[in-house]
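Undergrad: Just data-v6.cif, nothing more (mmCIF, C-alpha atoms):
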data_upload
#
loop_
_atom_site.label_atom_id
_atom_site.label_comp_id
_atom_site.auth_asym_id
_atom_site.auth_seq_id
_atom_site.Cartn_x
_atom_site.Cartn_y
_atom_site.Cartn_z
CA MET A 1110 -3.30 -14.14 -51.45
CA PRO A 1111 -1.23 -16.49 -49.34
CA VAL A 1112 -2.42 -19.88 -48.29
CA PHE A 1113 -1.98 -21.48 -44.88
CA PRO A 1114 -0.51 -24.91 -44.25
CA THR A 1115 -3.32 -27.20 -43.16
CA LEU A 1116 -3.91 -30.51 -41.50
CA PHE A 1117 -6.38 -32.93 -43.09
CA PRO A 1118 -6.77 -30.89 -46.30
CA GLY A 1119 -9.86 -31.58 -48.34
CA THR A 1120 -11.85 -33.10 -45.49
CA ILE A 1121 -14.29 -31.52 -43.06
CA TRP A 1122 -11.53 -31.61 -40.43
CA GLN A 1123 -9.32 -29.28 -42.43
CA THR A 1124 -7.34 -27.40 -39.79
CA ASN A 1125 -5.19 -24.33 -40.07
CA VAL A 1126 -1.86 -25.31 -38.51
CA VAL A 1127 -0.65 -21.72 -38.14
CA VAL A 1128 -3.67 -20.80 -36.02
CA ILE A 1129 -3.17 -23.75 -33.70
CA ALA A 1130 0.56 -23.08 -33.43
CA THR A 1131 0.09 -19.37 -32.70
CA ILE A 1132 -2.56 -20.14 -30.09
CA PHE A 1133 0.01 -22.24 -28.27
CA LEU A 1134 2.69 -19.60 -28.82
CA THR A 1135 0.40 -16.92 -27.39
CA GLY A 1136 -0.38 -19.18 -24.48
CA LEU A 1137 3.33 -19.74 -23.93
CA ILE A 1138 4.04 -16.00 -23.96
CA VAL A 1139 1.26 -15.32 -21.46
CA PHE A 1140 2.37 -18.24 -19.33
CA VAL A 1141 6.01 -17.12 -19.26
CA LEU A 1142 4.95 -13.56 -18.52
CA LEU A 1143 2.83 -14.62 -15.57
CA ARG A 1144 5.41 -17.08 -14.27
CA LEU A 1145 8.06 -14.36 -14.44
CA ALA A 1146 5.76 -12.04 -12.55
CA VAL A 1147 5.19 -14.72 -9.92
CA ALA A 1148 8.89 -15.52 -9.65
CA ARG A 1149 9.90 -11.90 -9.34
CA MET A 1150 7.10 -10.96 -7.01
CA ASP A 1151 8.28 -8.83 -4.18
CA MET A 1152 6.07 -8.06 -1.22
CA ARG A 1153 7.74 -4.77 -0.44
CA HIS A 1154 9.05 -3.25 -3.65
CA PRO A 1155 6.84 -4.02 -6.65
CA ARG A 1156 8.71 -3.31 -9.87
CA GLY A 1157 8.03 -3.16 -13.61
CA LEU A 1158 6.55 -6.47 -14.63
CA GLN A 1159 4.83 -7.01 -11.31
CA ASN A 1160 3.18 -3.62 -11.51
CA LEU A 1161 2.01 -4.39 -15.03
CA VAL A 1162 0.57 -7.76 -14.11
CA GLU A 1163 -1.01 -6.38 -10.95
CA TRP A 1164 -2.55 -3.62 -12.99
CA ALA A 1165 -3.93 -6.13 -15.51
CA PHE A 1166 -5.22 -8.22 -12.62
CA ASP A 1167 -7.01 -5.28 -11.02
CA PHE A 1168 -8.28 -4.21 -14.41
CA SER A 1169 -9.86 -7.59 -15.17
CA GLU A 1170 -11.15 -7.70 -11.60
CA SER A 1171 -12.90 -4.36 -11.90
CA MET A 1172 -14.17 -5.39 -15.34
CA ALA A 1173 -15.74 -8.49 -13.82
CA LYS A 1174 -17.03 -6.51 -10.86
CA ASP A 1175 -18.79 -4.02 -13.09
CA VAL A 1176 -20.84 -6.50 -15.08
CA MET A 1177 -21.17 -9.62 -12.94
CA PRO A 1178 -24.25 -9.77 -10.75
CA SER A 1179 -23.00 -11.88 -7.85
CA GLU A 1180 -19.84 -12.69 -5.95
CA GLU A 1181 -20.00 -16.32 -6.99
CA SER A 1182 -20.17 -15.57 -10.71
CA ARG A 1183 -17.44 -12.99 -10.23
CA ARG A 1184 -15.18 -15.61 -8.71
CA PHE A 1185 -16.03 -17.94 -11.58
CA VAL A 1186 -15.25 -15.43 -14.32
CA ARG A 1187 -12.14 -13.92 -12.71
CA PRO A 1188 -9.50 -16.30 -14.15
CA LEU A 1189 -11.32 -16.45 -17.47
CA ALA A 1190 -11.47 -12.67 -17.79
CA PHE A 1191 -7.85 -12.18 -16.78
CA ILE A 1192 -6.44 -14.89 -19.05
CA MET A 1193 -8.72 -13.96 -21.95
CA LEU A 1194 -7.65 -10.33 -21.69
CA LEU A 1195 -3.95 -11.13 -21.73
CA PHE A 1196 -4.33 -13.89 -24.29
CA LEU A 1197 -6.21 -11.71 -26.75
CA PHE A 1198 -3.92 -8.77 -26.16
CA VAL A 1199 -0.86 -10.86 -27.03
CA ALA A 1200 -2.67 -12.68 -29.84
CA ASN A 1201 -3.87 -9.46 -31.48
CA TRP A 1202 -0.42 -7.93 -31.28
CA LEU A 1203 1.35 -10.97 -32.74
CA GLY A 1204 0.27 -10.19 -36.28
CA LEU A 1205 1.30 -6.54 -35.88
CA ILE A 1206 4.73 -7.44 -34.57
CA MET A 1207 5.35 -9.75 -37.49
CA THR A 1208 3.76 -11.82 -40.20
CA ILE A 1209 5.84 -14.34 -42.11
CA THR A 1210 5.00 -15.24 -45.66
CA VAL A 1211 7.26 -17.46 -47.70
CA HIS A 1212 7.20 -17.90 -51.44
CA VAL A 1213 7.48 -21.44 -52.77
CA ASP A 1214 7.22 -22.98 -56.20
CA PRO A 1215 3.47 -23.01 -56.98
CA HIS A 1216 3.75 -26.41 -58.59
CA ALA A 1217 5.68 -28.08 -55.78
CA HIS A 1218 4.08 -30.78 -53.64
CA ILE A 1219 4.47 -29.77 -50.02
CA TRP A 1220 3.02 -31.54 -47.02
CA GLY A 1221 -0.01 -29.77 -45.68
CA LEU A 1222 -0.69 -27.74 -48.80
CA SER A 1223 -3.14 -28.82 -51.45
CA PRO A 1224 -1.75 -28.19 -54.98
CA SER A 1225 -4.80 -26.25 -56.16
CA ASP A 1226 -4.69 -23.85 -53.21
CA LEU A 1227 -0.98 -23.36 -53.66
CA GLN A 1228 -1.42 -22.56 -57.32
CA SER A 1229 -4.24 -20.09 -56.70
CA ALA A 1230 -2.08 -18.39 -54.04
CA LYS A 1231 0.77 -18.16 -56.56
CA GLY A 1232 3.05 -19.97 -54.11
CA ASP A 1233 2.68 -17.59 -51.16
CA VAL A 1234 2.51 -19.51 -47.91
CA GLU A 1235 1.73 -17.70 -44.66
CA LEU A 1236 3.64 -19.12 -41.70
CA PHE A 1237 3.03 -16.64 -38.90
CA ASP A 1238 0.01 -14.52 -38.11
CA SER A 1239 -2.37 -13.44 -35.40
CA PRO A 1240 -4.52 -16.40 -34.44
CA THR A 1241 -7.44 -14.00 -34.00
CA SER A 1242 -7.28 -12.91 -37.63
CA ASN A 1243 -8.77 -16.30 -38.47
CA MET A 1244 -12.54 -16.32 -38.58
CA SER A 1245 -12.91 -19.90 -37.43
CA MET A 1246 -10.73 -19.29 -34.39
CA ALA A 1247 -12.50 -16.06 -33.40
CA LEU A 1248 -15.91 -17.68 -33.80
CA GLY A 1249 -14.60 -20.65 -31.86
CA LEU A 1250 -13.77 -18.40 -28.91
CA ALA A 1251 -17.16 -16.69 -29.17
CA VAL A 1252 -18.99 -20.01 -29.26
CA LEU A 1253 -16.91 -21.21 -26.34
CA VAL A 1254 -18.04 -18.17 -24.35
CA TRP A 1255 -21.60 -18.85 -25.50
CA LEU A 1256 -21.38 -22.45 -24.30
CA ILE A 1257 -19.91 -21.40 -20.95
CA SER A 1258 -22.65 -18.83 -20.41
CA HIS A 1259 -25.38 -21.36 -21.17
CA ALA A 1260 -23.74 -24.02 -19.06
CA ARG A 1261 -23.91 -21.57 -16.17
CA GLY A 1262 -27.42 -20.51 -17.08
CA LEU A 1263 -28.67 -24.09 -17.14
CA ARG A 1264 -27.81 -24.51 -13.48
CA HIS A 1265 -31.09 -22.70 -12.96
CA PRO A 1266 -33.16 -24.14 -15.84
CA VAL A 1267 -36.43 -22.38 -15.06
CA LYS A 1268 -34.85 -18.96 -14.90
CA TRP A 1269 -32.75 -19.77 -17.93
CA PHE A 1270 -35.84 -20.70 -19.92
CA ARG A 1271 -37.78 -17.67 -18.73
CA HIS A 1272 -34.83 -15.44 -19.60
CA LEU A 1273 -34.73 -16.95 -23.08
CA LEU A 1274 -38.40 -16.12 -23.64
CA ARG A 1275 -38.41 -12.59 -22.22
CA HIS A 1276 -39.16 -10.92 -25.55
CA PRO A 1277 -40.28 -13.88 -27.63
CA PRO A 1278 -38.41 -13.63 -30.92
CA PHE A 1279 -35.52 -11.49 -29.81
CA GLY A 1280 -34.40 -13.53 -26.85
CA LEU A 1281 -33.82 -16.50 -29.12
CA LEU A 1282 -32.46 -14.40 -31.93
CA GLU A 1283 -29.94 -12.86 -29.54
CA GLU A 1284 -28.53 -16.28 -28.81
CA ILE A 1285 -27.49 -16.51 -32.44
CA THR A 1286 -26.46 -12.92 -33.06
CA ASN A 1287 -24.52 -12.47 -29.83
CA PRO A 1288 -21.84 -15.13 -30.43
CA LEU A 1289 -21.76 -14.30 -34.13
CA THR A 1290 -21.10 -10.59 -33.61
CA HIS A 1291 -18.87 -11.36 -30.66
CA GLY A 1292 -16.56 -13.48 -32.79
CA MET A 1293 -16.88 -11.58 -36.05
CA ARG A 1294 -16.07 -8.25 -34.39
CA LEU A 1295 -12.77 -9.58 -33.12
CA PHE A 1296 -11.93 -11.34 -36.36
CA GLY A 1297 -12.92 -8.40 -38.55
CA ASN A 1298 -10.92 -5.82 -36.68
CA ILE A 1299 -7.73 -7.85 -36.51
CA PHE A 1300 -8.08 -9.27 -40.02
CA ALA A 1301 -8.70 -5.84 -41.56
CA GLY A 1302 -5.70 -4.40 -39.76
CA GLU A 1303 -3.41 -7.13 -40.98
CA ILE A 1304 -4.71 -7.17 -44.54
CA LEU A 1305 -4.29 -3.42 -45.03
CA LEU A 1306 -0.87 -3.58 -43.42
CA GLY A 1307 0.08 -6.41 -45.79
CA LEU A 1308 -1.18 -4.49 -48.79
CA LEU A 1309 0.77 -1.38 -47.80
CA LEU A 1310 3.91 -3.42 -47.26
CA ARG A 1311 3.60 -5.14 -50.63
CA ALA A 1312 2.79 -1.95 -52.54
CA PRO A 1313 5.54 -0.92 -54.96
CA PHE A 1314 7.52 2.26 -54.35
CA ALA A 1315 6.59 5.24 -56.48
CA PHE A 1316 9.15 5.58 -59.30
CA HIS A 1317 10.82 2.55 -57.72
CA PHE A 1318 12.49 4.58 -54.96
CA ILE A 1319 10.01 6.84 -53.11
CA PRO A 1320 8.61 4.95 -50.08
CA TRP A 1321 5.33 6.87 -50.16
CA GLN A 1322 3.54 4.24 -48.08
CA LEU A 1323 5.84 4.60 -45.08
CA PRO A 1324 3.77 7.26 -43.23
CA PHE A 1325 0.63 5.27 -43.97
CA ILE A 1326 2.24 2.12 -42.62
CA ILE A 1327 3.27 3.87 -39.41
CA ALA A 1328 -0.13 5.47 -38.97
CA TRP A 1329 -1.95 2.23 -39.69
CA LEU A 1330 0.37 0.28 -37.40
CA LEU A 1331 -0.39 2.67 -34.54
CA TYR A 1332 -4.09 2.52 -35.25
CA SER A 1333 -4.01 -1.28 -35.50
CA GLY A 1334 -2.16 -1.47 -32.20
CA PHE A 1335 -4.88 0.66 -30.65
CA VAL A 1336 -7.58 -1.51 -32.20
CA ALA A 1337 -5.83 -4.72 -31.13
CA THR A 1338 -5.72 -3.50 -27.52
CA ILE A 1339 -9.28 -2.24 -27.56
CA GLN A 1340 -10.61 -5.43 -29.15
CA ALA A 1341 -8.98 -7.55 -26.47
CA TYR A 1342 -10.79 -5.44 -23.88
CA VAL A 1343 -14.07 -5.45 -25.80
CA PHE A 1344 -14.07 -9.20 -26.27
CA SER A 1345 -13.28 -9.79 -22.59
CA ILE A 1346 -15.87 -7.41 -21.23
CA LEU A 1347 -18.54 -8.77 -23.59
CA MET A 1348 -17.58 -12.23 -22.41
CA CYS A 1349 -18.12 -11.11 -18.80
CA LEU A 1350 -21.40 -9.49 -19.84
CA TYR A 1351 -22.73 -12.58 -21.62
CA ILE A 1352 -21.74 -14.88 -18.79
CA GLY A 1353 -23.13 -12.39 -16.27
CA MET A 1354 -26.44 -12.23 -18.13
CA LYS A 1355 -26.77 -15.97 -17.75
CA SER A 1356 -25.71 -16.07 -14.10
CA PHE A 1357 -28.92 -16.29 -12.16
CA GLU A 1358 -27.51 -16.83 -8.65
CA ALA A 1359 -27.92 -13.14 -7.94
CA ASP A 1360 -31.67 -13.65 -7.86
CA ASN A 1361 -31.30 -16.08 -5.00
CA GLN A 1362 -29.46 -13.58 -2.86
CA HIS A 1363 -32.10 -10.89 -3.00
CA MET K 767 -8.35 -12.87 -50.44
CA PHE K 768 -11.04 -14.54 -48.40
CA GLN K 769 -9.21 -17.81 -48.49
CA VAL K 770 -6.79 -16.41 -45.89
CA GLY K 771 -9.15 -16.40 -43.00
CA GLY K 772 -12.54 -15.84 -44.45
CA ILE K 773 -13.62 -19.37 -45.09
CA PHE K 774 -15.13 -21.06 -42.10
CA GLN K 775 -13.25 -24.25 -41.40
CA VAL K 776 -14.86 -26.68 -38.98
CA GLY K 777 -11.51 -28.30 -38.19
CA THR K 778 -9.83 -25.01 -37.36
CA PHE K 779 -12.87 -24.00 -35.31
CA ILE K 780 -12.88 -27.15 -33.19
CA PHE K 781 -9.12 -27.49 -32.80
CA SER K 782 -8.63 -23.84 -31.91
CA VAL K 783 -11.28 -24.14 -29.20
CA ILE K 784 -9.56 -27.26 -27.90
CA SER K 785 -6.14 -25.59 -28.07
CA PHE K 786 -7.43 -22.53 -26.30
CA LEU K 787 -8.94 -24.68 -23.57
CA ILE K 788 -5.65 -26.55 -23.12
CA VAL K 789 -3.74 -23.26 -22.98
CA PHE K 790 -6.32 -21.77 -20.63
CA PHE K 791 -6.22 -24.64 -18.17
CA ILE K 792 -2.43 -24.78 -18.16
CA ILE K 793 -2.19 -21.03 -17.54
CA GLN K 794 -4.97 -21.14 -14.98
CA ARG K 795 -3.45 -24.03 -13.06
CA PHE K 796 0.24 -23.14 -13.18
CA ALA K 797 0.34 -19.36 -13.57
CA PHE K 798 -2.93 -17.73 -12.61
CA LYS K 799 -3.53 -19.54 -9.34
CA PRO K 800 -0.08 -18.86 -7.84
CA LEU K 801 -0.30 -15.29 -9.09
CA ALA K 802 -3.72 -14.76 -7.58
CA ARG K 803 -2.55 -16.36 -4.35
CA MET K 804 0.52 -14.15 -4.19
CA LEU K 805 -1.46 -11.03 -4.98
CA GLU K 806 -3.92 -11.98 -2.26
CA GLN K 807 -1.04 -12.54 0.16
CA ARG K 808 0.42 -9.22 -0.83
CA ARG K 809 -2.91 -7.51 -0.31
CA ILE K 810 -3.26 -9.09 3.12
CA HIS K 811 0.34 -8.25 3.92
CA ILE K 812 -0.17 -4.61 3.01
CA GLU K 813 -3.43 -4.44 4.93
CA THR K 814 -1.90 -5.93 8.06
CA GLN K 815 1.10 -3.64 7.71
CA ILE K 816 -1.14 -0.62 7.48
CA SER K 817 -3.30 -1.66 10.41
CA GLU K 818 -0.22 -2.48 12.47
CA ALA K 819 1.31 0.86 11.62
CA GLU K 820 -1.88 2.60 12.68
CA LYS K 821 -1.97 0.59 15.87
CA SER K 822 1.62 1.37 16.74
CA ARG K 823 1.08 5.03 15.94
CA GLU K 824 -1.86 5.10 18.35
CA GLU K 825 0.28 3.32 20.93
CA ALA K 826 3.06 5.84 20.44
CA GLU K 827 0.64 8.73 20.82
CA ARG K 828 -0.79 7.18 23.95
CA LEU K 829 2.70 6.66 25.40
CA LEU K 830 3.72 10.19 24.49
CA ALA K 831 0.66 11.61 26.25
CA GLU K 832 1.42 9.42 29.26
CA GLN K 833 5.01 10.58 29.31
CA GLN K 834 4.00 14.20 29.09
CA ARG K 835 1.53 13.71 31.90
CA LEU K 836 4.18 12.07 34.06
CA LEU K 837 6.69 14.78 33.26
CA GLU K 838 4.17 17.45 34.18
CA GLU K 839 3.42 15.69 37.46
CA ALA K 840 7.09 15.34 38.27
CA ARG K 841 7.68 19.00 37.51
CA LYS K 842 4.79 20.01 39.74
CA GLU K 843 6.03 17.80 42.54
CA ALA K 844 9.52 19.20 42.25
CA ARG K 845 8.13 22.72 42.44
CA ASN K 846 6.12 21.78 45.54
CA LEU K 847 9.13 20.24 47.19
CA LEU K 848 11.26 23.23 46.37
CA ASP K 849 8.67 25.60 47.77
CA GLN K 850 8.33 23.59 50.95
CA ALA K 851 12.08 23.41 51.36
CA ARG K 852 12.39 27.14 50.85
CA ILE K 853 9.72 27.85 53.46
CA ARG K 854 11.34 25.50 55.94
CA ALA K 855 14.73 27.01 55.32
CA ASP K 856 13.37 30.49 55.84
CA GLU K 857 11.85 29.42 59.13
CA GLN K 858 15.00 27.77 60.27
CA ALA K 859 17.05 30.76 59.33
CA ARG K 860 14.73 33.03 61.26
CA GLU K 861 14.87 30.76 64.29
CA ILE K 862 18.62 30.61 64.18
CA VAL K 863 18.92 34.38 63.93
CA GLN K 864 16.46 34.81 66.76
CA LYS K 865 18.32 32.36 68.96
CA ALA K 866 21.59 34.04 68.17
CA GLU K 867 20.13 37.41 69.02
CA GLU K 868 18.76 36.09 72.31
CA GLU K 869 22.08 34.48 73.15
CA ALA K 870 23.91 37.68 72.38
CA ALA K 871 21.53 39.69 74.51
CA ARG K 872 21.91 37.23 77.36
CA ILE K 873 25.70 37.29 77.18
CA LEU K 874 25.68 41.08 77.04
CA GLU K 875 23.42 41.25 80.06
CA GLU K 876 25.57 38.83 82.04
CA SER K 877 28.70 40.72 81.14
CA ARG K 878 27.16 43.99 82.11
CA GLN K 879 26.06 42.61 85.46
CA ALA K 880 29.51 41.16 86.04
CA ILE K 881 31.10 44.52 85.24
CA VAL K 882 28.75 46.33 87.60
CA ARG K 883 29.35 43.81 90.34
CA GLU K 884 33.07 43.94 89.98
CA ARG K 885 33.08 47.71 89.85
CA ASP K 886 30.94 47.79 92.96
CA GLU K 887 33.20 45.36 94.67
CA ALA K 888 36.25 47.29 93.63
CA LEU K 889 34.66 50.54 94.75
CA ALA K 890 33.66 49.02 98.03
CA ALA K 891 37.17 47.72 98.57
CA VAL K 892 38.70 51.06 97.63
CA THR K 893 36.24 52.97 99.82
CA LYS K 894 36.99 50.70 102.66
CA ARG K 895 40.67 51.10 102.26
CA VAL K 896 40.50 54.90 101.81
CA ALA K 897 38.32 55.13 104.90
CA GLU K 898 40.81 53.09 106.86
CA LEU K 899 43.67 55.14 105.52
CA SER K 900 42.00 58.44 106.28
CA VAL K 901 41.10 57.23 109.74
CA GLU K 902 44.65 56.05 110.30
CA LEU K 903 45.86 59.38 109.04
CA THR K 904 43.48 61.23 111.26
CA ALA K 905 44.49 59.01 114.16
CA LYS K 906 48.12 59.74 113.48
CA LEU K 907 47.41 63.43 113.30
CA LEU K 908 45.44 63.42 116.46
CA ARG K 909 47.71 60.85 118.08
CA ASP K 910 46.44 59.33 121.04
CA HIS K 911 43.30 61.39 121.31
CA VAL K 912 41.24 58.79 119.63
CA THR K 913 39.47 56.13 121.46
CA ALA K 914 38.30 52.92 120.06
CA GLU K 915 34.74 54.15 119.91
CA LEU K 916 35.65 57.34 118.17
CA HIS K 917 37.79 55.40 115.79
CA LYS K 918 34.82 53.25 114.82
CA GLU K 919 32.67 56.31 114.44
CA LEU K 920 35.16 58.03 112.27
CA VAL K 921 35.57 55.04 110.04
CA GLN K 922 31.83 54.80 109.59
CA GLU K 923 31.52 58.48 108.85
CA ALA K 924 34.38 58.38 106.42
CA GLU K 925 32.93 55.39 104.68
CA SER K 926 29.51 56.93 104.30
CA LYS K 927 30.97 60.23 103.10
CA LEU K 928 33.20 58.46 100.69
CA GLY K 929 30.30 56.39 99.50
CA GLU K 930 28.34 59.55 98.82
CA LEU K 931 31.31 60.97 97.08
CA VAL K 932 31.84 58.01 94.89
CA CYS K 933 28.28 57.35 93.96
#
Render the structure in this file as structure tokens.
TA:
Amino acid sequence: MPVFPTLFPGTIWQTNVVVIATIFLTGLIVFVLLRLAVARMDMRHPRGLQNLVEWAFDFSESMAKDVMPSEESRRFVRPLAFIMLLFLFVANWLGLIMTITVHVDPHAHIWGLSPSDLQSAKGDVELFDSPTSNMSMALGLAVLVWLISHARGLRHPVKWFRHLLRHPPFGLLEEITNPLTHGMRLFGNIFAGEILLGLLLRAPFAFHFIPWQLPFIIAWLLYSGFVATIQAYVFSILMCLYIGMKSFEADNQH
Amino acid sequence: MFQVGGIFQVGTFIFSVISFLIVFFIIQRFAFKPLARMLEQRRIHIETQISEAEKSREEAERLLAEQQRLLEEARKEARNLLDQARIRADEQAREIVQKAEEEAARILEESRQAIVRERDEALAAVTKRVAELSVELTAKLLRDHVTAELHKELVQEAESKLGELVC
């Protein structure tokens, strides 16, 4: 299987360059999309892109409204939910729109690729992919959400502590399983979609000319698109839920 | 296969979180905030438009009712005026006709009296003259056998007889 170009290979800081680059690319796409929507915004006659962005805005708003306990936490999570939703939607679709794999000489010395990895990958180097199909990145997002939720929870330490010890072992256990499943769910869905798509694309034709895998590719592409969209929504709403669970301001209002 | 994305890499983990945070804050600062502001403005704009439209509709309805009321009043007033005018005109017409009739009657009466008077005068004059003539004739026939007294008597007799005859 292909190998990714990395920074700092062989150390603990080994970093997948493609993931970082596609994160910034995804961010750029979302940024341009939103800026275009802002630039083309019309008070009287909303058209195409504006409608889409407004719909996404309302969607993330209602998502936050459904699970967040108080107005303050809702206001806090609003930009995060909206940007996370769009970011993950674009990120999940990137790998379906295209993946780039180049074949190089397995024995060549190329910057960013360790010779042993290159040889075990038989010279296949992946240059473009969904950032979310990387486990480290997906777990990173999940842990980020986990950190945000606890940072909010710790604004009310007593309630936070009591909440942690509601059901003695499970409350603590949840703090490990929640971010783990949160990240692994996203990674697994996107990774599985891309891997099967890659396998179908690389499969040889029957008798060298019958493209038997074409209907499977189309079906799997449609299904993966569905999964990519759903996973963006699932990750965002779980993020709202986890942050909402740790937002204790609502107790003050009652 | 699991080398592709399956191995957990601390470097990728940390740098992707940092990259995501950078991307998030850039988008939040330069795209989300203006977008949210504009959407809020748009929402407010639409709300004020709707409330203004409702207000102006109410105003229009109020004005329409007012106009209809005024129109109704004006129509009623016009009808009143017309009725009054008709009544007054009828009265005047009746008065004028009455006056005219009275005037006509008066003129007729005067004329009739004048005719009677003139006829009487004429008759009197004629009677007088005929009496004189007949007396003169009688005197001529009788010649000098008539005295002044007799003459007077005859005239009177003739006049009275003639008067009886005429009337």
Undergrad: List the neighbours of Leu1197 (chain A) out to 12 Å using only C-alpha atoms; skip same-chain residues closer than 2 positions along the sequence, and give me the result as a PyMOL selection string.
TA: (chain A and resi 1131-1132+1135-1136+1138-1139+1189-1195+1199-1204+1239-1242+1246-1247+1250+1295-1296+1299+1336-1346) or (chain K and resi 786+790)
Undergrad: Would you save the residues of that selection, restricted to C-alpha atoms, as a PDB file, keeping the file's coordinate frame?
TA:
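New file out06.pdb:
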ATOM      1  CA  THR A1131       0.090 -19.370 -32.700  1.00  0.00           C
ATOM      2  CA  ILE A1132      -2.560 -20.140 -30.090  1.00  0.00           C
ATOM      3  CA  THR A1135       0.400 -16.920 -27.390  1.00  0.00           C
ATOM      4  CA  GLY A1136      -0.380 -19.180 -24.480  1.00  0.00           C
ATOM      5  CA  ILE A1138       4.040 -16.000 -23.960  1.00  0.00           C
ATOM      6  CA  VAL A1139       1.260 -15.320 -21.460  1.00  0.00           C
ATOM      7  CA  LEU A1189     -11.320 -16.450 -17.470  1.00  0.00           C
ATOM      8  CA  ALA A1190     -11.470 -12.670 -17.790  1.00  0.00           C
ATOM      9  CA  PHE A1191      -7.850 -12.180 -16.780  1.00  0.00           C
ATOM     10  CA  ILE A1192      -6.440 -14.890 -19.050  1.00  0.00           C
ATOM     11  CA  MET A1193      -8.720 -13.960 -21.950  1.00  0.00           C
ATOM     12  CA  LEU A1194      -7.650 -10.330 -21.690  1.00  0.00           C
ATOM     13  CA  LEU A1195      -3.950 -11.130 -21.730  1.00  0.00           C
ATOM     14  CA  VAL A1199      -0.860 -10.860 -27.030  1.00  0.00           C
ATOM     15  CA  ALA A1200      -2.670 -12.680 -29.840  1.00  0.00           C
ATOM     16  CA  ASN A1201      -3.870  -9.460 -31.480  1.00  0.00           C
ATOM     17  CA  TRP A1202      -0.420  -7.930 -31.280  1.00  0.00           C
ATOM     18  CA  LEU A1203       1.350 -10.970 -32.740  1.00  0.00           C
ATOM     19  CA  GLY A1204       0.270 -10.190 -36.280  1.00  0.00           C
ATOM     20  CA  SER A1239      -2.370 -13.440 -35.400  1.00  0.00           C
ATOM     21  CA  PRO A1240      -4.520 -16.400 -34.440  1.00  0.00           C
ATOM     22  CA  THR A1241      -7.440 -14.000 -34.000  1.00  0.00           C
ATOM     23  CA  SER A1242      -7.280 -12.910 -37.630  1.00  0.00           C
ATOM     24  CA  MET A1246     -10.730 -19.290 -34.390  1.00  0.00           C
ATOM     25  CA  ALA A1247     -12.500 -16.060 -33.400  1.00  0.00           C
ATOM     26  CA  LEU A1250     -13.770 -18.400 -28.910  1.00  0.00           C
ATOM     27  CA  LEU A1295     -12.770  -9.580 -33.120  1.00  0.00           C
ATOM     28  CA  PHE A1296     -11.930 -11.340 -36.360  1.00  0.00           C
ATOM     29  CA  ILE A1299      -7.730  -7.850 -36.510  1.00  0.00           C
ATOM     30  CA  VAL A1336      -7.580  -1.510 -32.200  1.00  0.00           C
ATOM     31  CA  ALA A1337      -5.830  -4.720 -31.130  1.00  0.00           C
ATOM     32  CA  THR A1338      -5.720  -3.500 -27.520  1.00  0.00           C
ATOM     33  CA  ILE A1339      -9.280  -2.240 -27.560  1.00  0.00           C
ATOM     34  CA  GLN A1340     -10.610  -5.430 -29.150  1.00  0.00           C
ATOM     35  CA  ALA A1341      -8.980  -7.550 -26.470  1.00  0.00           C
ATOM     36  CA  TYR A1342     -10.790  -5.440 -23.880  1.00  0.00           C
ATOM     37  CA  VAL A1343     -14.070  -5.450 -25.800  1.00  0.00           C
ATOM     38  CA  PHE A1344     -14.070  -9.200 -26.270  1.00  0.00           C
ATOM     39  CA  SER A1345     -13.280  -9.790 -22.590  1.00  0.00           C
ATOM     40  CA  ILE A1346     -15.870  -7.410 -21.230  1.00  0.00           C
TER      41      ILE A1346
ATOM     42  CA  PHE K 786      -7.430 -22.530 -26.300  1.00  0.00           C
ATOM     43  CA  PHE K 790      -6.320 -21.770 -20.630  1.00  0.00           C
TER      44      PHE K 790
END
Undergrad: Considering only C-alpha atoms, extract the chain K residues located within 6 Å of chain A and return them as a PyMOL selection string.
TA: chain K and resi 767+771-772+774-775+777-779+782-783+789+793+797+801+808
Undergrad: Could you give me, as a list of chain:residue names, the residues within 6 Å of region 886-899 of chain K, counting all atoms listed in the file and dropping anything in the same chain fewer than 2 positions from it?
TA: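 After dropping sequence-adjacent residues, the list is K:Val882, K:Arg883, K:Glu884, K:Val901, K:Glu902, K:Leu903, K:Val921, K:Ala924, K:Glu925.
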Undergrad: Using CA of Leu1236 (chain A) and CA of Phe791 (chain K) as the two end points, give the distance in Å to one decimal.
TA: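 According to the coordinates, CA of Leu1236 (chain A) and CA of Phe791 (chain K) are separated by 26.1 Å.
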Undergrad: Give the padded box for region 1161-1168 of chain A as AutoDock Vina command-line options: axis-aligned, covering all atoms listed in the file, 3 Å on each side, centre and edge lengths in Å to one decimal.
TA:
--center_x -3.1 --center_y -5.9 --center_z -13.2 --size_x 16.3 --size_y 10.6 --size_z 10.6
Undergrad: Record the distance separating CA of Met1172 (chain A) and CA of Cys1349 (chain A), expressed in Å with one decimal.
TA: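 One can read the CA of Met1172 (chain A) to CA of Cys1349 (chain A) distance as 7.8 Å.
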Undergrad: To one decimal in Å, tell me the separation between CA of Trp1255 (chain A) and CA of Pro1288 (chain A).
TA: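 Pair CA of Trp1255 (chain A) / CA of Pro1288 (chain A) returns 6.2 Å.
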Undergrad: Considering all atoms listed in the file, can you say which of A:Val1254, A:Ile1209, A:Ala1328, A:Ile1319 comes closest to Gly1292 (chain A)?
TA: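 Between A:Val1254, A:Ile1209, A:Ala1328, A:Ile1319, the residue approaching Gly1292 (chain A) most closely is A:Val1254.
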